[in-house]
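As stored in entry20.cif (mmCIF, C-alpha atoms):
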```
data_target
loop_
_atom_site.label_atom_id
_atom_site.label_comp_id
_atom_site.auth_asym_id
_atom_site.auth_seq_id
_atom_site.Cartn_x
_atom_site.Cartn_y
_atom_site.Cartn_z
CA MET A 1313 0.00 0.00 0.00
CA ARG A 1314 1.07 3.59 -0.54
CA VAL A 1315 2.30 5.42 2.52
CA MET A 1316 2.47 9.16 1.93
CA LYS A 1317 2.75 11.91 4.47
CA LYS A 1318 2.37 15.62 3.90
CA PRO A 1319 0.46 18.59 5.31
CA MET A 1320 -3.31 18.55 5.06
CA ILE A 1321 -5.92 21.25 4.93
CA GLY A 1322 -8.35 18.98 6.80
CA ILE A 1323 -12.02 19.81 6.66
CA ALA A 1324 -11.61 23.52 6.15
CA CYS A 1325 -13.50 25.27 3.34
CA LEU A 1326 -11.87 26.31 0.11
CA ILE A 1327 -13.53 28.28 -2.66
CA LEU A 1328 -12.20 27.69 -6.18
CA GLY A 1329 -13.94 29.87 -8.70
CA THR A 1330 -17.60 28.98 -8.36
CA VAL A 1331 -17.17 25.66 -6.60
CA VAL A 1332 -17.17 25.52 -2.81
CA ALA A 1333 -15.14 22.67 -1.31
CA CYS A 1334 -15.69 21.93 2.33
CA ALA A 1335 -17.24 19.45 4.69
CA GLY A 1336 -20.20 21.61 5.47
CA GLU A 1337 -20.89 24.08 2.66
CA THR A 1338 -22.80 24.03 -0.60
CA GLU A 1339 -21.17 23.65 -3.98
CA ALA A 1340 -22.08 26.75 -5.98
CA PRO A 1341 -23.31 27.05 -9.57
CA ALA A 1342 -21.20 26.32 -12.58
CA ALA A 1343 -23.31 23.90 -15.02
CA PRO A 1344 -24.66 21.54 -18.19
CA GLU A 1345 -26.11 21.10 -21.62
CA THR A 1346 -29.58 22.29 -22.52
CA LEU A 1347 -32.27 19.76 -21.73
CA ALA A 1348 -33.81 17.95 -24.64
CA ALA A 1349 -36.92 19.47 -26.18
CA GLU A 1350 -38.89 16.25 -25.83
CA ALA A 1351 -41.11 15.88 -22.79
CA PRO A 1352 -39.29 14.03 -19.99
CA ALA A 1353 -40.56 10.71 -18.71
CA THR A 1354 -42.85 11.08 -15.70
CA PRO A 1355 -42.12 8.79 -12.75
CA THR A 1356 -44.93 8.06 -10.31
CA ILE A 1357 -44.63 9.78 -6.93
CA LEU A 1358 -44.98 7.26 -4.10
CA ASP A 1359 -46.13 7.74 -0.56
CA ASN A 1360 -43.56 6.56 1.99
CA PRO A 1361 -43.49 6.14 5.79
CA ALA A 1362 -40.97 8.90 6.48
CA ALA A 1363 -42.30 11.68 8.73
CA THR A 1364 -41.73 15.42 8.62
CA ASP A 1365 -38.13 16.44 9.35
CA SER A 1366 -36.87 13.33 7.56
CA THR A 1367 -33.59 13.38 5.66
CA VAL A 1368 -30.77 11.35 4.03
CA PRO A 1369 -32.63 8.39 2.48
CA HIS A 1370 -30.67 5.33 1.40
CA LEU A 1371 -32.07 2.58 -0.84
CA GLY A 1372 -31.18 -1.10 -0.98
CA VAL A 1373 -32.38 -4.30 -2.60
CA GLY A 1374 -34.30 -6.66 -0.34
CA ALA A 1375 -35.52 -10.21 -0.72
CA ASP A 1376 -38.30 -11.09 -3.16
CA ASP A 1377 -37.82 -7.91 -5.20
CA SER A 1378 -38.56 -5.64 -2.25
CA LEU A 1379 -37.05 -2.22 -1.70
CA LEU A 1380 -35.31 -1.26 1.55
CA MET A 1381 -35.05 2.33 2.70
CA SER A 1382 -33.25 3.80 5.69
CA TRP A 1383 -33.39 7.43 6.80
CA LEU A 1384 -33.06 9.79 9.74
CA GLU A 1385 -35.81 11.70 11.53
CA ALA A 1386 -35.20 14.71 13.76
CA GLY A 1387 -36.81 15.20 17.16
CA ASP A 1388 -35.71 15.32 20.77
CA SER A 1389 -33.28 12.63 19.63
CA THR A 1390 -32.24 11.74 16.09
CA THR A 1391 -33.74 8.41 15.04
CA LEU A 1392 -32.61 5.94 12.41
CA ARG A 1393 -35.56 4.20 10.77
CA VAL A 1394 -35.94 1.49 8.14
CA ALA A 1395 -38.89 0.23 6.10
CA ARG A 1396 -39.55 -2.16 3.22
CA LEU A 1397 -41.67 -1.64 0.11
CA ASP A 1398 -43.28 -4.59 -1.68
CA PRO A 1399 -43.42 -3.51 -5.34
CA ALA A 1400 -46.11 -6.12 -6.05
CA THR A 1401 -48.56 -4.43 -3.67
CA GLY A 1402 -47.08 -0.94 -3.55
CA SER A 1403 -47.29 -0.96 0.25
CA TRP A 1404 -44.62 -0.21 2.85
CA THR A 1405 -44.08 -1.92 6.14
CA ALA A 1406 -44.41 0.33 9.17
CA ALA A 1407 -41.33 2.44 9.84
CA GLU A 1408 -39.08 0.56 12.24
CA SER A 1409 -36.88 2.45 14.70
CA VAL A 1410 -33.38 0.96 14.77
CA TYR A 1411 -31.64 3.44 17.05
CA SER A 1412 -32.47 6.78 18.64
CA ALA A 1413 -30.15 8.97 20.69
CA PRO A 1414 -29.04 12.59 21.03
CA THR A 1415 -25.51 11.33 20.31
CA LEU A 1416 -26.44 10.00 16.86
CA PHE A 1417 -24.47 12.04 14.31
CA ALA A 1418 -26.63 13.44 11.50
CA ASN A 1419 -24.93 14.90 8.45
CA TRP A 1420 -26.16 15.78 4.95
CA ALA A 1421 -23.29 13.91 3.25
CA ASP A 1422 -22.37 11.11 5.67
CA PHE A 1423 -25.53 9.07 6.08
CA PRO A 1424 -26.69 5.63 7.30
CA SER A 1425 -27.41 2.62 5.08
CA VAL A 1426 -29.08 -0.79 5.21
CA VAL A 1427 -28.43 -4.08 3.37
CA GLU A 1428 -30.10 -7.49 3.44
CA LEU A 1429 -28.04 -10.68 3.73
CA THR A 1430 -28.80 -13.97 2.02
CA ASP A 1431 -30.48 -15.41 5.13
CA GLY A 1432 -32.89 -12.47 5.45
CA ALA A 1433 -30.96 -10.66 8.18
CA LEU A 1434 -30.61 -6.88 7.90
CA VAL A 1435 -27.41 -4.99 8.64
CA THR A 1436 -27.46 -1.23 9.09
CA HIS A 1437 -24.89 1.38 9.99
CA TRP A 1438 -25.06 4.83 11.51
CA LEU A 1439 -22.69 7.37 13.03
CA GLU A 1440 -22.40 8.33 16.66
CA TYR A 1441 -20.37 10.92 18.54
CA LEU A 1442 -17.33 9.56 20.37
CA ALA A 1443 -16.69 12.79 22.25
CA GLU A 1444 -17.33 16.51 22.01
CA GLY A 1445 -16.21 18.02 18.74
CA ARG A 1446 -17.90 18.60 15.40
CA TYR A 1447 -16.31 15.62 13.65
CA ALA A 1448 -15.48 13.39 16.63
CA TYR A 1449 -17.67 10.49 15.59
CA GLY A 1450 -17.45 6.79 14.88
CA VAL A 1451 -19.34 4.04 13.04
CA LYS A 1452 -21.87 1.71 14.60
CA LEU A 1453 -23.28 -1.46 13.03
CA ALA A 1454 -26.32 -3.44 14.10
CA GLN A 1455 -27.86 -6.64 12.74
CA ARG A 1456 -31.47 -7.79 12.79
CA ASP A 1457 -31.89 -11.54 12.50
CA ALA A 1458 -34.37 -13.27 10.22
CA ASN A 1459 -36.90 -13.26 13.09
CA GLY A 1460 -36.87 -9.47 13.27
CA VAL A 1461 -34.83 -9.07 16.46
CA TRP A 1462 -32.13 -6.40 16.54
CA GLY A 1463 -28.89 -7.26 18.30
CA GLU A 1464 -26.65 -4.91 20.26
CA PRO A 1465 -24.72 -2.40 18.12
CA TRP A 1466 -20.97 -2.58 17.78
CA GLN A 1467 -18.10 -0.58 16.33
CA PRO A 1468 -16.26 -2.03 13.30
CA HIS A 1469 -13.11 0.08 13.70
CA GLU A 1470 -10.57 -0.52 16.43
CA ASP A 1471 -9.83 3.16 17.00
CA SER A 1472 -12.07 5.12 19.37
CA SER A 1473 -10.13 8.38 19.47
CA PRO A 1474 -12.23 11.56 19.01
CA VAL A 1475 -11.64 11.89 15.28
CA GLU A 1476 -13.72 11.24 12.18
CA HIS A 1477 -14.70 7.72 11.10
CA GLY A 1478 -17.47 7.47 8.52
CA PHE A 1479 -18.57 7.47 4.86
CA VAL A 1480 -19.40 3.79 5.11
CA SER A 1481 -20.28 1.33 2.36
CA LEU A 1482 -21.85 -2.03 3.23
CA ALA A 1483 -21.62 -4.82 0.66
CA ALA A 1484 -23.49 -8.11 1.13
CA ALA A 1485 -21.64 -11.21 -0.09
CA ALA A 1486 -23.09 -14.24 -1.87
CA ASP A 1487 -21.86 -16.55 0.92
CA GLY A 1488 -24.07 -14.82 3.49
CA GLY A 1489 -21.40 -12.54 4.92
CA TYR A 1490 -20.73 -8.88 4.23
CA SER A 1491 -18.04 -6.23 4.29
CA ALA A 1492 -17.94 -2.75 5.80
CA ILE A 1493 -15.72 -0.11 4.18
CA TRP A 1494 -15.14 3.30 5.74
CA LEU A 1495 -12.91 6.37 5.91
CA ASP A 1496 -10.84 6.36 9.09
CA GLY A 1497 -9.15 9.31 10.79
CA THR A 1498 -7.04 7.29 13.24
CA ALA A 1499 -3.92 9.13 12.10
CA PHE A 1500 -5.46 12.46 13.12
CA ALA A 1501 -5.04 11.50 16.77
CA ASP A 1502 -1.28 11.29 16.16
CA GLY A 1503 -1.16 14.61 14.32
CA ASN A 1504 -0.67 13.12 10.85
CA ASN A 1505 -3.97 14.54 9.54
CA GLU A 1506 -4.48 11.85 6.91
CA MET A 1507 -7.64 9.88 6.24
CA SER A 1508 -7.30 6.21 5.33
CA VAL A 1509 -9.68 3.76 3.63
CA ARG A 1510 -10.30 0.67 5.75
CA ALA A 1511 -12.41 -2.47 5.63
CA ARG A 1512 -13.56 -5.38 7.74
CA HIS A 1513 -15.27 -8.54 6.52
CA TYR A 1514 -17.89 -10.44 8.51
CA GLY A 1515 -18.51 -14.10 7.74
CA PRO A 1516 -21.89 -15.82 7.36
CA ASP A 1517 -21.74 -16.67 11.08
CA GLY A 1518 -21.06 -13.04 11.99
CA ALA A 1519 -17.40 -13.68 12.81
CA ALA A 1520 -15.35 -10.52 12.28
CA GLY A 1521 -12.21 -10.57 10.19
CA SER A 1522 -9.29 -8.26 10.84
CA GLU A 1523 -9.40 -4.53 10.14
CA GLU A 1524 -7.57 -3.94 6.86
CA ILE A 1525 -6.04 -0.74 5.48
CA LEU A 1526 -6.82 -0.35 1.78
CA ASP A 1527 -5.25 3.07 1.21
CA LEU A 1528 -3.37 5.18 3.75
CA ARG A 1529 -4.29 8.53 2.19
CA ALA A 1530 -7.69 9.44 0.80
CA CYS A 1531 -9.89 12.51 0.52
CA ASP A 1532 -11.35 13.45 3.90
CA CYS A 1533 -15.09 13.50 3.41
CA CYS A 1534 -16.22 11.99 0.11
CA GLN A 1535 -18.48 8.96 0.09
CA THR A 1536 -17.03 5.53 -0.63
CA GLY A 1537 -18.73 3.01 -2.90
CA ALA A 1538 -18.55 -0.79 -2.97
CA ALA A 1539 -20.06 -3.58 -5.06
CA TYR A 1540 -19.37 -7.19 -5.91
CA LEU A 1541 -18.45 -7.60 -9.58
CA GLY A 1542 -18.49 -11.35 -9.98
CA ASP A 1543 -16.41 -12.72 -7.10
CA ASN A 1544 -14.47 -9.48 -6.66
CA LEU A 1545 -15.39 -6.82 -4.11
CA VAL A 1546 -14.58 -3.51 -5.80
CA VAL A 1547 -14.27 -0.34 -3.70
CA VAL A 1548 -14.20 3.19 -5.15
CA TYR A 1549 -13.33 6.42 -3.36
CA ARG A 1550 -11.76 9.83 -3.91
CA ASP A 1551 -8.00 9.67 -3.53
CA ARG A 1552 -5.63 12.40 -2.35
CA SER A 1553 -2.19 12.63 -3.92
CA PRO A 1554 0.88 14.44 -2.51
CA ASP A 1555 0.00 17.31 -4.90
CA GLU A 1556 -3.63 17.42 -3.70
CA VAL A 1557 -5.02 15.81 -6.85
CA ARG A 1558 -8.31 14.19 -5.81
CA ASP A 1559 -9.33 11.81 -8.56
CA ILE A 1560 -11.42 8.65 -8.21
CA TRP A 1561 -9.43 5.52 -7.34
CA THR A 1562 -10.25 1.88 -6.71
CA VAL A 1563 -9.05 -1.19 -4.85
CA ARG A 1564 -10.51 -4.67 -5.16
CA ARG A 1565 -10.47 -7.86 -3.16
CA THR A 1566 -9.93 -11.04 -5.13
CA ALA A 1567 -9.07 -14.59 -4.07
CA GLU A 1568 -5.48 -13.35 -3.70
CA GLY A 1569 -6.42 -10.52 -1.34
CA TRP A 1570 -6.61 -6.74 -1.75
CA SER A 1571 -5.04 -5.12 -4.79
CA GLU A 1572 -2.92 -1.99 -4.81
CA PRO A 1573 -4.89 1.23 -5.36
CA GLN A 1574 -5.23 2.44 -8.94
CA PRO A 1575 -7.08 5.31 -10.65
CA VAL A 1576 -10.44 4.79 -12.31
CA ALA A 1577 -9.69 7.80 -14.51
CA THR A 1578 -7.31 10.75 -14.52
CA ASP A 1579 -9.19 14.03 -14.24
CA GLY A 1580 -6.32 15.87 -12.59
CA TRP A 1581 -8.62 17.73 -10.20
CA MET A 1582 -6.24 19.54 -7.90
CA ILE A 1583 -8.05 20.91 -4.86
CA PRO A 1584 -6.57 21.46 -1.38
CA GLY A 1585 -9.86 20.71 0.38
CA CYS A 1586 -12.53 18.04 0.26
CA PRO A 1587 -15.30 18.57 -2.35
CA VAL A 1588 -17.71 16.30 -0.41
CA ASN A 1589 -18.69 14.48 -3.61
CA GLY A 1590 -17.90 10.77 -3.72
CA PRO A 1591 -18.39 8.10 -6.40
CA SER A 1592 -20.91 5.28 -6.73
CA ILE A 1593 -20.38 1.81 -8.23
CA VAL A 1594 -22.86 -0.80 -9.44
CA SER A 1595 -22.72 -4.29 -10.90
CA THR A 1596 -24.23 -4.73 -14.35
CA GLY A 1597 -23.97 -8.53 -14.30
CA GLU A 1598 -21.21 -11.12 -13.95
CA ASP A 1599 -17.83 -9.32 -13.87
CA ASP A 1600 -19.17 -6.11 -15.42
CA GLY A 1601 -19.93 -2.87 -13.65
CA ALA A 1602 -19.78 0.91 -13.81
CA VAL A 1603 -18.57 3.82 -11.68
CA ILE A 1604 -20.09 7.32 -11.69
CA TRP A 1605 -18.45 10.41 -10.20
CA PHE A 1606 -18.21 14.20 -10.16
CA ALA A 1607 -15.11 16.21 -11.02
CA LEU A 1608 -14.02 19.74 -11.82
CA VAL A 1609 -12.12 19.59 -15.11
CA ASP A 1610 -10.47 22.82 -16.26
CA GLN A 1611 -12.77 24.64 -13.83
CA VAL A 1612 -15.87 23.12 -15.46
CA PRO A 1613 -17.99 20.71 -13.34
CA GLU A 1614 -18.72 17.33 -14.91
CA VAL A 1615 -20.46 14.07 -14.13
CA LYS A 1616 -18.71 11.08 -15.69
CA LEU A 1617 -19.19 7.32 -15.88
CA ALA A 1618 -16.79 4.50 -16.73
CA PHE A 1619 -17.50 0.84 -17.43
CA THR A 1620 -15.41 -2.13 -16.32
CA ARG A 1621 -15.68 -5.50 -18.06
CA ASP A 1622 -13.14 -7.43 -15.98
CA GLY A 1623 -14.26 -7.24 -12.39
CA GLY A 1624 -12.71 -3.86 -11.71
CA ALA A 1625 -9.21 -4.72 -12.94
CA SER A 1626 -9.46 -1.93 -15.53
CA PHE A 1627 -11.90 0.76 -16.62
CA GLU A 1628 -12.86 2.06 -20.04
CA ASP A 1629 -12.52 5.70 -21.07
CA PRO A 1630 -15.04 7.87 -19.20
CA ILE A 1631 -18.38 8.85 -20.72
CA LEU A 1632 -19.52 12.43 -20.15
CA ILE A 1633 -22.96 12.37 -18.50
CA GLU A 1634 -23.28 16.12 -17.96
CA GLN A 1635 -21.05 19.17 -18.22
CA GLY A 1636 -21.79 22.38 -16.35
CA SER A 1637 -22.66 25.69 -17.98
CA ASP A 1638 -23.35 29.23 -16.84
CA SER A 1639 -27.10 28.64 -16.69
CA ALA A 1640 -27.14 25.24 -14.98
CA ALA A 1641 -24.58 24.33 -12.35
CA THR A 1642 -23.72 20.65 -12.15
CA LEU A 1643 -23.42 19.93 -8.42
CA GLY A 1644 -22.74 16.19 -8.63
CA ARG A 1645 -24.01 14.15 -5.63
CA VAL A 1646 -24.27 11.17 -7.94
CA ASP A 1647 -25.77 7.71 -7.81
CA VAL A 1648 -26.27 4.89 -10.32
CA ALA A 1649 -28.33 1.70 -10.55
CA SER A 1650 -28.51 -1.13 -13.09
CA THR A 1651 -31.48 -2.93 -14.62
CA PRO A 1652 -31.29 -6.72 -15.07
CA ASP A 1653 -30.04 -6.33 -18.67
CA GLY A 1654 -27.24 -3.94 -17.67
CA THR A 1655 -28.90 -0.66 -18.61
CA LEU A 1656 -27.86 2.09 -16.20
CA VAL A 1657 -29.91 4.81 -14.56
CA ALA A 1658 -27.68 7.69 -13.39
CA THR A 1659 -28.82 10.50 -11.09
CA TRP A 1660 -27.26 13.78 -9.98
CA LEU A 1661 -28.11 17.33 -8.90
CA THR A 1662 -27.92 20.43 -11.09
CA GLN A 1663 -28.59 23.94 -9.83
CA VAL A 1664 -30.80 26.11 -12.04
CA GLY A 1665 -31.53 29.49 -10.55
CA GLU A 1666 -32.35 29.25 -6.87
CA THR A 1667 -33.30 25.56 -6.84
CA ALA A 1668 -31.75 22.26 -7.86
CA GLU A 1669 -33.05 19.73 -10.35
CA ILE A 1670 -32.70 16.02 -9.65
CA ARG A 1671 -31.72 14.83 -13.08
CA TYR A 1672 -31.40 11.36 -14.52
CA ARG A 1673 -30.13 9.77 -17.68
CA ILE A 1674 -30.13 6.28 -19.18
CA ILE A 1675 -26.84 4.71 -20.31
CA GLU A 1676 -26.78 1.51 -22.33
CA GLU A 1677 -23.90 -0.95 -22.08
CA ASN A 1678 -22.76 0.16 -25.54
CA ALA A 1679 -22.34 3.67 -24.07
CA THR A 1680 -25.31 5.26 -25.86
CA LEU A 1681 -27.22 7.80 -23.77
CA SER A 1682 -30.76 9.01 -23.43
CA ASP A 1683 -31.57 12.69 -23.21
CA VAL A 1684 -31.30 14.31 -19.77
CA HIS A 1685 -34.56 14.26 -17.81
CA VAL A 1686 -35.71 15.99 -14.63
CA LEU A 1687 -37.17 13.85 -11.86
CA ALA A 1688 -38.03 16.61 -9.38
CA THR A 1689 -36.77 19.84 -7.86
CA THR A 1690 -35.37 20.47 -4.41
CA GLY A 1691 -33.20 23.01 -2.67
CA ALA A 1692 -29.68 23.63 -3.92
CA GLU A 1693 -28.24 23.89 -0.42
CA ARG A 1694 -26.36 21.07 1.28
CA GLY A 1695 -29.49 19.95 3.17
CA SER A 1696 -30.93 18.45 -0.02
CA GLY A 1697 -28.26 15.82 0.31
CA PHE A 1698 -27.64 13.01 -2.15
CA PRO A 1699 -30.59 11.66 -4.17
CA ARG A 1700 -30.60 7.85 -4.39
CA VAL A 1701 -31.66 5.44 -7.15
CA GLU A 1702 -32.18 1.66 -7.04
CA VAL A 1703 -33.59 -1.00 -9.35
CA VAL A 1704 -35.77 -3.71 -7.83
CA GLY A 1705 -37.53 -6.23 -10.03
CA GLN A 1706 -38.97 -4.42 -13.02
CA HIS A 1707 -39.05 -0.94 -11.47
CA VAL A 1708 -36.63 1.92 -10.86
CA PHE A 1709 -37.01 3.69 -7.52
CA PHE A 1710 -35.81 7.15 -6.51
CA ALA A 1711 -35.53 8.78 -3.09
CA TRP A 1712 -34.47 12.30 -2.18
CA THR A 1713 -34.73 14.99 0.48
CA ASP A 1714 -37.12 17.78 -0.49
CA THR A 1715 -36.03 21.00 1.22
CA LEU A 1716 -38.39 23.40 -0.54
CA GLY A 1717 -41.10 23.24 2.15
CA ASP A 1718 -41.16 24.43 5.74
CA SER A 1719 -39.39 21.25 6.90
CA PRO A 1720 -37.27 18.70 5.02
CA MET A 1721 -39.20 15.66 3.81
CA ILE A 1722 -38.17 12.47 2.05
CA ARG A 1723 -39.87 11.93 -1.30
CA THR A 1724 -39.94 8.71 -3.29
CA ALA A 1725 -40.89 7.87 -6.86
CA SER A 1726 -40.84 4.90 -9.24
CA MET A 1727 -41.13 4.07 -12.89
CA PRO A 1728 -41.25 0.76 -14.76
CA ILE A 1729 -38.09 -0.29 -16.52
CA ALA A 1730 -40.18 -0.65 -19.68
CA GLY A 1731 -41.00 3.07 -19.45
CA LEU A 1732 -37.43 4.35 -19.20
CA PRO A 1733 -36.40 6.94 -21.80
CA ALA A 1734 -34.67 5.45 -24.81
CA ALA A 1735 -30.95 5.89 -25.37
CA ASN A 1736 -30.49 7.74 -28.62
CA GLN A 1737 -27.07 9.37 -28.72
#
```

Before we go any further, please render this structure as structure tokens.
Amino acid sequence: MRVMKKPMIGIACLILGTVVACAGETEAPAAPETLAAEAPATPTILDNPAATDSTVPHLGVGADDSLLMSWLEAGDSTTLRVARLDPATGSWTAAESVYSAPTLFANWADFPSVVELTDGALVTHWLEYLAEGRYAYGVKLAQRDANGVWGEPWQPHEDSSPVEHGFVSLAAAADGGYSAIWLDGTAFADGNNEMSVRARHYGPDGAAGSEEILDLRACDCCQTGAAYLGDNLVVVYRDRSPDEVRDIWTVRRTAEGWSEPQPVATDGWMIPGCPVNGPSIVSTGEDDGAVIWFALVDQVPEVKLAFTRDGGASFEDPILIEQGSDSAATLGRVDVASTPDGTLVATWLTQVGETAEIRYRIIEENATLSDVHVLATTGAERGSGFPRVEVVGQHVFFAWTDTLGDSPMIRTASMPIAGLPAANQ
């Protein structure tokens, strides 16, 4: 693994042109192509069990083509909730409270998740303060068995010093186990001010493997992504070079162990501060997959996507999904999902005027694209978070935080795969 040491800006804000880079501020306008003249597809808005003051939804695939959603609700204490949607009936289970405490850490960019294991157990993660301090928080995991009983939460990382540990990805394995990947600030406690990427695997019996360091130096506060491509667990994240270049990199676990880190693409985005804009990865079947990310290229914001056909060993040249313009500022905050035949649905945020559009686009495996479509509008501030997309059965599902009302509220929508816009360019 690479071991590099040099000064770090940390989580301080940095403004470069029109883009704000910091762990708590909004990216500002700078934007894309004109939307197509044709009428966009119209997804169906769904009711969901989230209450008022709900934020940071996360979607996952459940058993029997069900959809899992986790989110946070504000109140006297912050509460992590989960629920399941049966697409066949269109009905949700009652919202289930997993954990509630005033020490639960709620953040627009670092949010909980939930996955289902092969035996029907659920695993969720959230963040909790370790001590006083804005970013003195750690990761907690909890598992609900197939009978619906939640066990006691535990901490996957060995370090409990009052520094940042978060931006978790959970990946369920075919053997019934799963892996947790996170950004770890252990070195901060020693004054090194470098964030590492770490992982721990849990077997089908729940037995914990050792904590493993995947990369000793990564961007401070960008989301990680993880997915199984065939038998390989592929992790993507924003790297941090000695020259403060923060491109998207990857490591993968094969039968031989973890690989050395390598770039997904070379954007050359040099920025001495975290842009709070991580990548997402999805399997498109067998060893194939795709990664989507945001970058500032020659001071122009872009959303890009790259395919891999060999289990993450290499990536094809990036495809431009959207490029910012003066009238529409591409903010990133990306996600991507795959239909059963490998067609991709990509989502991101673009600021137009005072609000942000949740946009989506279809990408075929041959790299042809649909026109850009607008799913919904929300606020352009950081509180609107990261819209999510997932494919379950024959439907595409979307979830986002609507900040245009008096209080934030999670919205959900769906559309049949058969009704997706056609790729035509």

message = What does the structure give for the distance between CA of Ala1486 (chain A) and CA of Met1381 (chain A), in Å to one decimal?
response = 20.9 Å

Please evaluate the PyMOL selection byres ((chain A and resi 1435-1438) around 7) against the structure above and give the resulting residues as a JSON list (two decimals) with C-alpha atoms, keeping the file's coordinate frame.
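Contents of the output file out_17.json:
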```
[["chain", "number", "residue", "atom", "x", "y", "z"],
["A", 1423, "PHE", "CA", -25.53, 9.07, 6.08],
["A", 1424, "PRO", "CA", -26.69, 5.63, 7.30],
["A", 1425, "SER", "CA", -27.41, 2.62, 5.08],
["A", 1426, "VAL", "CA", -29.08, -0.79, 5.21],
["A", 1427, "VAL", "CA", -28.43, -4.08, 3.37],
["A", 1428, "GLU", "CA", -30.10, -7.49, 3.44],
["A", 1433, "ALA", "CA", -30.96, -10.66, 8.18],
["A", 1434, "LEU", "CA", -30.61, -6.88, 7.90],
["A", 1439, "LEU", "CA", -22.69, 7.37, 13.03],
["A", 1440, "GLU", "CA", -22.40, 8.33, 16.66],
["A", 1451, "VAL", "CA", -19.34, 4.04, 13.04],
["A", 1452, "LYS", "CA", -21.87, 1.71, 14.60],
["A", 1453, "LEU", "CA", -23.28, -1.46, 13.03],
["A", 1454, "ALA", "CA", -26.32, -3.44, 14.10],
["A", 1455, "GLN", "CA", -27.86, -6.64, 12.74],
["A", 1456, "ARG", "CA", -31.47, -7.79, 12.79]]
```

inquiry  = Show me, as an NGL selection string, the residues that have an atom within 12 Å of Ala1375 (chain A) when counting all atoms listed in the file, minus same-chain residues fewer than 3 positions from it.
reply    = :A and (1372 or 1378-1380 or 1396-1399 or 1427-1434 or 1458 or 1704-1705)

For the structure provided, state which residues fall under the PyMOL selection byres ((chain A and resi 1531) around 6), and present them as a short mmCIF file (atom, residue, chain, number, x, y, z; two decimals) with C-alpha atoms, in the coordinates of the input.
```cif
data_model
loop_
_atom_site.label_atom_id
_atom_site.label_comp_id
_atom_site.auth_asym_id
_atom_site.auth_seq_id
_atom_site.Cartn_x
_atom_site.Cartn_y
_atom_site.Cartn_z
CA ALA A 1530 -7.69 9.44 0.80
CA ASP A 1532 -11.35 13.45 3.90
CA ARG A 1550 -11.76 9.83 -3.91
CA ASP A 1551 -8.00 9.67 -3.53
CA ARG A 1552 -5.63 12.40 -2.35
#
```

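Interatomic distance, CA of Thr1401 (chain A) against CA of Ser1382 (chain A): 19.7 Å.
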
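Between CA of Glu1628 (chain A) and CA of Pro1591 (chain A) the interatomic distance comes to 15.9 Å.
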
task = Evaluate the PyMOL selection byres ((chain A and resi 1353-1365) around 6) and record the selected residues as a ChimeraX atom specification, following the chain and residue labels used in the document.
result = /A:1352,1366,1385-1386,1407,1719-1721,1724-1727

Taking C-alpha atoms for each residue, export the selection above as a compact mmCIF listing (two decimals), in the coordinates of the input.
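The result, written out as result25.txt:
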```txt
# COMPACT_ATOMS: atom_id res chain seq x y z
CA PRO A 1352 -39.29 14.03 -19.99
CA SER A 1366 -36.87 13.33 7.56
CA GLU A 1385 -35.81 11.70 11.53
CA ALA A 1386 -35.20 14.71 13.76
CA ALA A 1407 -41.33 2.44 9.84
CA SER A 1719 -39.39 21.25 6.90
CA PRO A 1720 -37.27 18.70 5.02
CA MET A 1721 -39.20 15.66 3.81
CA THR A 1724 -39.94 8.71 -3.29
CA ALA A 1725 -40.89 7.87 -6.86
CA SER A 1726 -40.84 4.90 -9.24
CA MET A 1727 -41.13 4.07 -12.89
```

query = So which residues touch Pro1474 (chain A) within 12 Å, counting all atoms listed in the file, skipping near sequence neighbours fewer than 4 positions away, as a ChimeraX atom specification?
reply = /A:1440-1451,1496-1502

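Proximity ranking of A:Asp1517, A:Asp1622, A:Glu1408, A:Asp1714 relative to Ala1668 (chain A) places A:Asp1714 first, based on only C-alpha atoms.
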
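Taking only C-alpha atoms into account, His1370 (chain A) lies nearest to A:Trp1420 out of the set A:Phe1619, A:Phe1627, A:Trp1420, A:Trp1404.
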
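Among the candidates A:Gly1478, A:Gly1717, A:Gly1542, A:Gly1644, the one nearest to Leu1661 (chain A) when counting all atoms listed in the file is A:Gly1644.
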
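Proximity to Trp1660 (chain A) was assessed for A:Ser1472, A:Thr1566, A:Thr1689, A:Thr1680 counting all atoms listed in the file; the smallest distance is recorded for A:Thr1689.
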
message = Measuring between all atoms listed in the file, which one of A:Ala1577, A:Ile1593, A:Leu1643, A:Val1615 shows the shortest distance to Gly1691 (chain A)?
response = A:Leu1643

Residue with smallest distance to Thr1715 (chain A) - pool A:Asn1419, A:Thr1667, A:Ser1508, A:Asn1678, counting all atoms listed in the file = A:Thr1667

Neighbour list for Ala1567 (chain A) as a PDB file with C-alpha atoms, in the frame of the given file, cut-off 12 Å, all atoms listed in the file, skip fewer than 6 positions in-chain:
```pdb
ATOM      1  CA  GLY A1542     -18.490 -11.350  -9.980  1.00  0.00           C
ATOM      2  CA  ASP A1543     -16.410 -12.720  -7.100  1.00  0.00           C
ATOM      3  CA  ASN A1544     -14.470  -9.480  -6.660  1.00  0.00           C
ATOM      4  CA  LEU A1545     -15.390  -6.820  -4.110  1.00  0.00           C
TER       5      LEU A1545
END
```
